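Chemist: Pasting coords-v2.tsv below, which is TSV, C-alpha atoms.
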```tsv
chain	number	residue	atom	x	y	z
A	1	MET	CA	161.53	-106.14	158.33
A	2	ALA	CA	162.40	-107.77	155.01
A	3	VAL	CA	163.22	-106.04	151.75
A	4	ILE	CA	162.48	-107.75	148.43
A	5	THR	CA	164.33	-106.82	145.24
A	6	LEU	CA	162.64	-107.72	141.98
A	7	SER	CA	164.72	-107.94	138.85
A	8	ARG	CA	162.85	-108.82	135.70
A	9	HIS	CA	162.72	-109.24	131.98
A	10	PHE	CA	160.68	-106.30	130.79
A	11	GLY	CA	157.08	-107.41	130.28
A	12	ALA	CA	157.37	-110.32	132.71
A	13	GLY	CA	155.06	-108.50	135.12
A	14	GLY	CA	157.51	-107.26	137.75
A	15	LYS	CA	155.62	-104.10	138.61
A	16	THR	CA	152.27	-105.91	138.58
A	17	LEU	CA	153.54	-108.73	140.80
A	18	GLY	CA	155.38	-106.34	143.10
A	19	THR	CA	152.24	-104.27	143.62
A	20	LEU	CA	150.18	-107.38	144.37
A	21	VAL	CA	152.70	-108.79	146.87
A	22	ALA	CA	153.11	-105.40	148.54
A	23	LYS	CA	149.37	-105.13	149.03
A	24	LYS	CA	149.10	-108.59	150.58
A	25	LEU	CA	152.12	-108.14	152.85
A	26	GLY	CA	151.43	-104.52	153.72
A	27	TYR	CA	154.78	-103.53	152.21
A	28	VAL	CA	155.78	-100.31	150.46
A	29	PHE	CA	156.25	-100.70	146.72
A	30	LEU	CA	159.00	-98.71	144.96
A	31	ASP	CA	159.49	-99.08	141.24
A	32	ASP	CA	162.63	-98.05	139.39
A	33	GLU	CA	161.25	-94.69	138.30
A	34	ILE	CA	160.55	-93.63	141.90
A	35	ILE	CA	164.04	-94.79	142.91
A	36	LYS	CA	165.52	-92.81	140.03
A	37	LEU	CA	163.63	-89.62	140.94
A	38	VAL	CA	164.79	-89.73	144.55
A	39	ALA	CA	168.36	-90.57	143.50
A	40	GLU	CA	168.40	-87.56	141.20
A	41	LYS	CA	167.37	-85.34	144.12
A	42	ALA	CA	170.09	-86.88	146.25
A	43	GLN	CA	172.68	-86.40	143.52
A	44	SER	CA	171.92	-82.68	143.28
A	45	GLY	CA	172.94	-82.06	146.90
A	46	ASP	CA	173.68	-83.82	150.14
A	47	TRP	CA	172.30	-87.33	149.87
A	48	VAL	CA	171.88	-87.80	153.62
A	49	ASP	CA	169.66	-84.73	154.01
A	50	THR	CA	167.68	-85.71	150.93
A	51	LEU	CA	167.04	-89.23	152.14
A	52	GLU	CA	166.10	-88.12	155.62
A	53	LYS	CA	163.48	-85.84	154.11
A	54	GLU	CA	162.16	-88.43	151.65
A	55	PHE	CA	162.28	-91.50	153.90
A	56	ASP	CA	161.61	-90.27	157.41
A	57	GLY	CA	158.77	-92.75	157.85
A	58	LYS	CA	156.10	-90.30	156.75
A	59	LEU	CA	156.50	-90.29	152.98
A	60	LEU	CA	157.59	-93.91	152.68
A	61	PRO	CA	154.15	-95.50	153.23
A	62	CYS	CA	152.54	-93.46	150.44
A	63	ILE	CA	155.35	-92.99	147.93
A	64	SER	CA	154.38	-96.00	145.81
A	65	GLY	CA	151.59	-94.16	143.99
A	66	LEU	CA	153.55	-91.15	142.80
A	67	VAL	CA	154.65	-91.73	139.22
A	68	PRO	CA	153.36	-94.89	137.51
A	69	LYS	CA	151.66	-92.91	134.71
A	70	ARG	CA	154.75	-90.81	134.06
A	71	ARG	CA	156.90	-93.91	133.88
A	72	MET	CA	154.75	-95.57	131.22
A	73	GLU	CA	154.65	-92.34	129.22
A	74	MET	CA	158.46	-92.30	129.22
A	75	ILE	CA	158.72	-95.94	128.24
A	76	LEU	CA	156.30	-95.55	125.33
A	77	ASP	CA	157.91	-92.35	124.05
A	78	ASP	CA	160.72	-93.19	121.63
A	79	LYS	CA	162.28	-89.76	122.16
A	80	LYS	CA	162.57	-90.10	125.92
A	81	GLY	CA	165.60	-91.55	127.64
A	82	GLY	CA	163.60	-93.92	129.77
A	83	VAL	CA	164.76	-94.60	133.31
A	84	ASP	CA	168.38	-95.49	132.65
A	85	GLU	CA	170.16	-92.15	132.72
A	86	VAL	CA	173.44	-92.28	134.61
A	87	ILE	CA	173.07	-91.95	138.37
A	88	SER	CA	175.95	-92.17	140.79
A	89	VAL	CA	176.16	-95.81	141.84
A	90	ASP	CA	177.45	-94.78	145.26
A	91	ILE	CA	174.44	-92.57	145.88
A	92	LEU	CA	172.07	-95.21	144.56
A	93	GLN	CA	173.56	-97.86	146.85
A	94	GLN	CA	173.44	-95.63	149.93
A	95	MET	CA	169.85	-94.75	149.14
A	96	LEU	CA	168.80	-98.39	148.71
A	97	LEU	CA	170.57	-99.31	151.94
A	98	GLN	CA	168.62	-96.68	153.85
A	99	ILE	CA	165.35	-97.84	152.27
A	100	ALA	CA	166.24	-101.43	153.18
A	101	GLU	CA	166.81	-100.39	156.79
A	102	GLU	CA	163.22	-99.11	156.86
A	103	GLY	CA	162.24	-102.65	155.87
A	104	ASN	CA	158.94	-104.04	154.61
A	105	THR	CA	159.67	-102.76	151.14
A	106	ILE	CA	159.65	-104.14	147.59
A	107	ILE	CA	162.12	-102.57	145.18
A	108	VAL	CA	161.79	-103.15	141.44
A	109	GLY	CA	164.90	-102.64	139.34
A	110	ARG	CA	167.87	-100.35	139.92
A	111	GLY	CA	170.27	-103.24	140.53
A	112	GLY	CA	168.96	-103.97	144.00
A	113	GLN	CA	170.12	-107.57	143.85
A	114	TYR	CA	173.72	-106.29	143.66
A	115	LEU	CA	173.56	-103.12	145.74
A	116	LEU	CA	171.81	-104.97	148.58
A	117	ARG	CA	173.51	-108.32	148.08
A	118	ASP	CA	174.99	-108.32	151.59
A	119	HIS	CA	171.91	-107.06	153.40
A	120	LYS	CA	170.85	-109.72	155.88
A	121	ASP	CA	167.11	-109.14	155.44
A	122	ALA	CA	167.06	-108.90	151.65
A	123	PHE	CA	165.43	-111.43	149.33
A	124	HIS	CA	166.41	-111.24	145.68
A	125	VAL	CA	163.93	-112.43	143.06
A	126	LEU	CA	164.19	-112.66	139.27
A	127	LEU	CA	161.19	-112.77	136.94
A	128	VAL	CA	161.72	-114.28	133.50
A	129	ALA	CA	159.36	-115.03	130.64
A	130	ASP	CA	159.45	-115.95	126.96
A	131	LEU	CA	159.60	-113.01	124.57
A	132	GLU	CA	156.24	-113.92	123.07
A	133	ASP	CA	154.58	-113.86	126.49
A	134	ARG	CA	156.21	-110.57	127.44
A	135	VAL	CA	155.02	-108.92	124.26
A	136	GLN	CA	151.52	-110.29	124.81
A	137	PHE	CA	151.54	-108.98	128.40
A	138	MET	CA	152.39	-105.48	127.17
A	139	GLU	CA	149.72	-105.67	124.48
A	140	GLU	CA	147.02	-106.62	126.93
A	141	ARG	CA	148.12	-104.59	129.95
A	142	TYR	CA	148.75	-101.33	128.11
A	143	ASN	CA	146.53	-101.73	125.05
A	144	LEU	CA	149.42	-101.66	122.57
A	145	SER	CA	149.63	-102.99	119.05
A	146	LEU	CA	151.79	-106.06	118.51
A	147	LYS	CA	154.39	-103.96	116.69
A	148	LYS	CA	154.53	-101.30	119.42
A	149	ALA	CA	154.66	-103.87	122.21
A	150	LEU	CA	157.58	-105.65	120.55
A	151	GLN	CA	159.41	-102.36	120.06
A	152	VAL	CA	158.94	-101.39	123.70
A	153	VAL	CA	160.10	-104.77	125.04
A	154	ASN	CA	163.20	-104.82	122.81
A	155	ARG	CA	164.08	-101.23	123.69
A	156	GLN	CA	163.71	-101.80	127.42
A	157	ASP	CA	165.79	-104.98	127.22
A	158	LYS	CA	168.61	-102.93	125.71
A	159	ARG	CA	168.27	-100.28	128.40
A	160	ARG	CA	168.44	-102.96	131.05
A	161	GLN	CA	171.65	-104.28	129.53
A	162	ASN	CA	173.11	-100.77	129.44
A	163	PHE	CA	172.20	-100.12	133.07
A	164	TYR	CA	173.89	-103.29	134.30
A	165	ARG	CA	176.90	-102.42	132.20
A	166	LEU	CA	177.18	-99.24	134.27
A	167	LEU	CA	177.30	-101.46	137.36
A	168	GLY	CA	179.95	-103.62	135.72
A	169	LYS	CA	177.63	-106.64	135.77
A	170	VAL	CA	176.90	-109.21	133.09
A	171	ASP	CA	175.50	-112.06	135.20
A	172	TYR	CA	172.16	-110.41	136.06
A	173	ASP	CA	170.14	-113.31	134.64
A	174	GLN	CA	172.17	-116.03	136.36
A	175	PRO	CA	169.94	-117.89	138.86
A	176	ASP	CA	172.62	-118.36	141.50
A	177	ILE	CA	172.53	-114.71	142.58
A	178	TYR	CA	168.83	-114.89	143.48
A	179	HIS	CA	166.82	-116.53	146.24
A	180	LEU	CA	164.02	-117.29	143.81
A	181	VAL	CA	163.56	-117.31	140.02
A	182	LEU	CA	159.97	-117.16	138.76
A	183	ASN	CA	159.19	-118.20	135.18
A	184	MET	CA	156.13	-116.13	134.38
A	185	SER	CA	155.54	-118.11	131.21
A	186	LYS	CA	154.69	-121.05	133.48
A	187	LEU	CA	153.10	-119.25	136.45
A	188	ASN	CA	150.17	-116.90	136.78
A	189	LEU	CA	150.37	-113.83	139.00
A	190	GLU	CA	148.56	-115.42	141.93
A	191	GLN	CA	150.86	-118.46	141.92
A	192	ALA	CA	153.95	-116.25	141.73
A	193	CYS	CA	152.57	-114.06	144.52
A	194	GLU	CA	152.03	-117.03	146.84
A	195	LEU	CA	155.51	-118.40	146.16
A	196	LEU	CA	157.08	-115.06	146.97
A	197	ILE	CA	155.04	-114.59	150.13
A	198	THR	CA	155.93	-118.12	151.27
A	199	LEU	CA	159.62	-117.33	150.75
A	200	VAL	CA	159.49	-114.20	152.89
A	201	ARG	CA	157.27	-115.57	155.64
A	202	GLY	CA	159.05	-118.91	155.82
A	203	VAL	CA	162.33	-117.49	157.07
```
Could you rewrite the structure in this file as structure tokens?
Modeler:
Amino acid sequence: MAVITLSRHFGAGGKTLGTLVAKKLGYVFLDDEIIKLVAEKAQSGDWVDTLEKEFDGKLLPCISGLVPKRRMEMILDDKKGGVDEVISVDILQQMLLQIAEEGNTIIVGRGGQYLLRDHKDAFHVLLVADLEDRVQFMEERYNLSLKKALQVVNRQDKRRQNFYRLLGKVDYDQPDIYHLVLNMSKLNLEQACELLITLVRGV
């Protein structure tokens, strides 16, 4: 009943790796846009009722396919606010805790390594990569020009910084808060996937 949190440099392949690992482990995959959407619903009313409706064991197994296209459209649109609008940290933490209790879940982003830091079944993983490799990943994965890919990566890096500032955190890239740090400039996706699976299954 493990939960894996994936923090990443944008363009390091967090969503791609998370999807691959989830498929091999039979886990549910939740990216930061899905987390944000549910948190917004919870913030508009009673969070307990909202979470019971969203994560009652019926929606959870299929929620991972809901909004990937919408998320990329937001990221690529300079006029959009991306996925870092202010959400109550208390609601976000309570939501992630309930998801973690369901177990067998991979959560990308949303500060999971902090909000679930004391959860006994949580594994916290950081993906890093050189800027050049991250830009190239975005070019190839999303068919972007070099200029556009660089703009997107730089913009998302700033949004990541701003989000962690809301949490009062500045050490989000420090290796000592993670179980595993994967340098995606030195690993391919299959190698990273096997390392992550070995971590989870070896405990």
Chemist: Would you compute the distance between CA of Arg159 (chain A) and CA of Ser7 (chain A)? Give it in Å to one decimal.
Modeler: 13.4 Å
Chemist: Compile the contact shell of Lys120 (chain A) as a ChimeraX atom specification: residues with an atom at most 12 Å away, counting all atoms listed in the file, same-chain residues fewer than 5 positions apart removed.
Modeler: /A:1-4,97,100-101,103,203
Chemist: Just give me the gap between CA of Ser185 (chain A) and CA of Thr16 (chain A) in Å, one decimal is fine.
Modeler: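 Distance between the two atoms: 14.6 Å.
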Chemist: May I have the residues within 8 Å of region 153-156 of chain A as number ranges by chain, using only C-alpha atoms and disregarding those fewer than 2 positions away in the same chain?
Modeler: A: 10-11, 75, 134-135, 149-151, 158-160
Chemist: May I have the residues within 12 Å of Gly168 (chain A) as JSON, numbers by chain, using only C-alpha atoms and disregarding those fewer than 6 positions away in the same chain?
Modeler: {"A": [89, 111, 114, 115, 161, 162]}
Chemist: Given the choices A:Leu146, A:Val125, A:Ile177, A:Leu116, which gets closest to Leu195 (chain A) if the distance is worked out from all atoms listed in the file?
Modeler: A:Val125
Chemist: For a test of reading the model, state the distance in Å between CA of Phe123 (chain A) and CA of Gly13 (chain A), rounded to one decimal.
Modeler: 17.8 Å
Chemist: With only C-alpha atoms as the basis for distance, which of A:Asp157, A:Asp31, A:Glu194, A:Asp90 is at the shortest distance from Val108 (chain A)?
Modeler: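 Of all the options, A:Asp31 lies closest to Val108 (chain A).
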Chemist: Using only C-alpha atoms, can you list as a PyMOL selection string the residues within 8 Å of (164.2, -113.5, 146.1)?
Modeler: chain A and resi 4-6+122-126+178-181+196+199
Chemist: Using all atoms listed in the file, which protein or nucleic acid residues come within 7 Å of Leu127 (chain A)? Drop anything in the same chain fewer than 5 positions from it, and give the result as a list in words.
Modeler: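 Result of the neighbour search: Ser7, Arg8, His9, Ala12, Gly14, Val181, Leu182, Asn183 and Met184 of chain A.
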Chemist: Starting from the structure just given, write a file holding region 133-159 of chain A with C-alpha atoms, as a PDB file, in the first residue's frame.
Modeler:
```
ATOM      1  CA  ASP A 133      18.373  17.678 -21.707  1.00  0.00           C
ATOM      2  CA  ARG A 134      15.113  19.007 -20.298  1.00  0.00           C
ATOM      3  CA  VAL A 135      14.671  21.371 -23.217  1.00  0.00           C
ATOM      4  CA  GLN A 136      15.431  18.564 -25.657  1.00  0.00           C
ATOM      5  CA  PHE A 137      12.896  16.307 -23.900  1.00  0.00           C
ATOM      6  CA  MET A 138      10.185  18.949 -24.328  1.00  0.00           C
ATOM      7  CA  GLU A 139      11.132  19.477 -27.966  1.00  0.00           C
ATOM      8  CA  GLU A 140      10.875  15.803 -28.785  1.00  0.00           C
ATOM      9  CA  ARG A 141       7.972  14.828 -26.532  1.00  0.00           C
ATOM     10  CA  TYR A 142       5.689  17.730 -27.436  1.00  0.00           C
ATOM     11  CA  ASN A 143       7.007  18.701 -30.869  1.00  0.00           C
ATOM     12  CA  LEU A 144       8.103  22.185 -29.787  1.00  0.00           C
ATOM     13  CA  SER A 145      10.660  24.508 -31.304  1.00  0.00           C
ATOM     14  CA  LEU A 146      13.889  25.004 -29.367  1.00  0.00           C
ATOM     15  CA  LYS A 147      12.835  28.545 -28.455  1.00  0.00           C
ATOM     16  CA  LYS A 148       9.383  27.490 -27.249  1.00  0.00           C
ATOM     17  CA  ALA A 149      10.729  24.526 -25.300  1.00  0.00           C
ATOM     18  CA  LEU A 150      13.246  26.748 -23.502  1.00  0.00           C
ATOM     19  CA  GLN A 151      10.531  29.284 -22.686  1.00  0.00           C
ATOM     20  CA  VAL A 152       8.249  26.598 -21.272  1.00  0.00           C
ATOM     21  CA  VAL A 153      10.973  25.016 -19.128  1.00  0.00           C
ATOM     22  CA  ASN A 154      12.106  28.378 -17.717  1.00  0.00           C
ATOM     23  CA  ARG A 155       8.538  29.464 -17.009  1.00  0.00           C
ATOM     24  CA  GLN A 156       7.650  26.225 -15.251  1.00  0.00           C
ATOM     25  CA  ASP A 157      10.842  26.379 -13.192  1.00  0.00           C
ATOM     26  CA  LYS A 158       9.746  29.791 -11.917  1.00  0.00           C
ATOM     27  CA  ARG A 159       6.266  28.507 -11.132  1.00  0.00           C
TER      28      ARG A 159
END
```
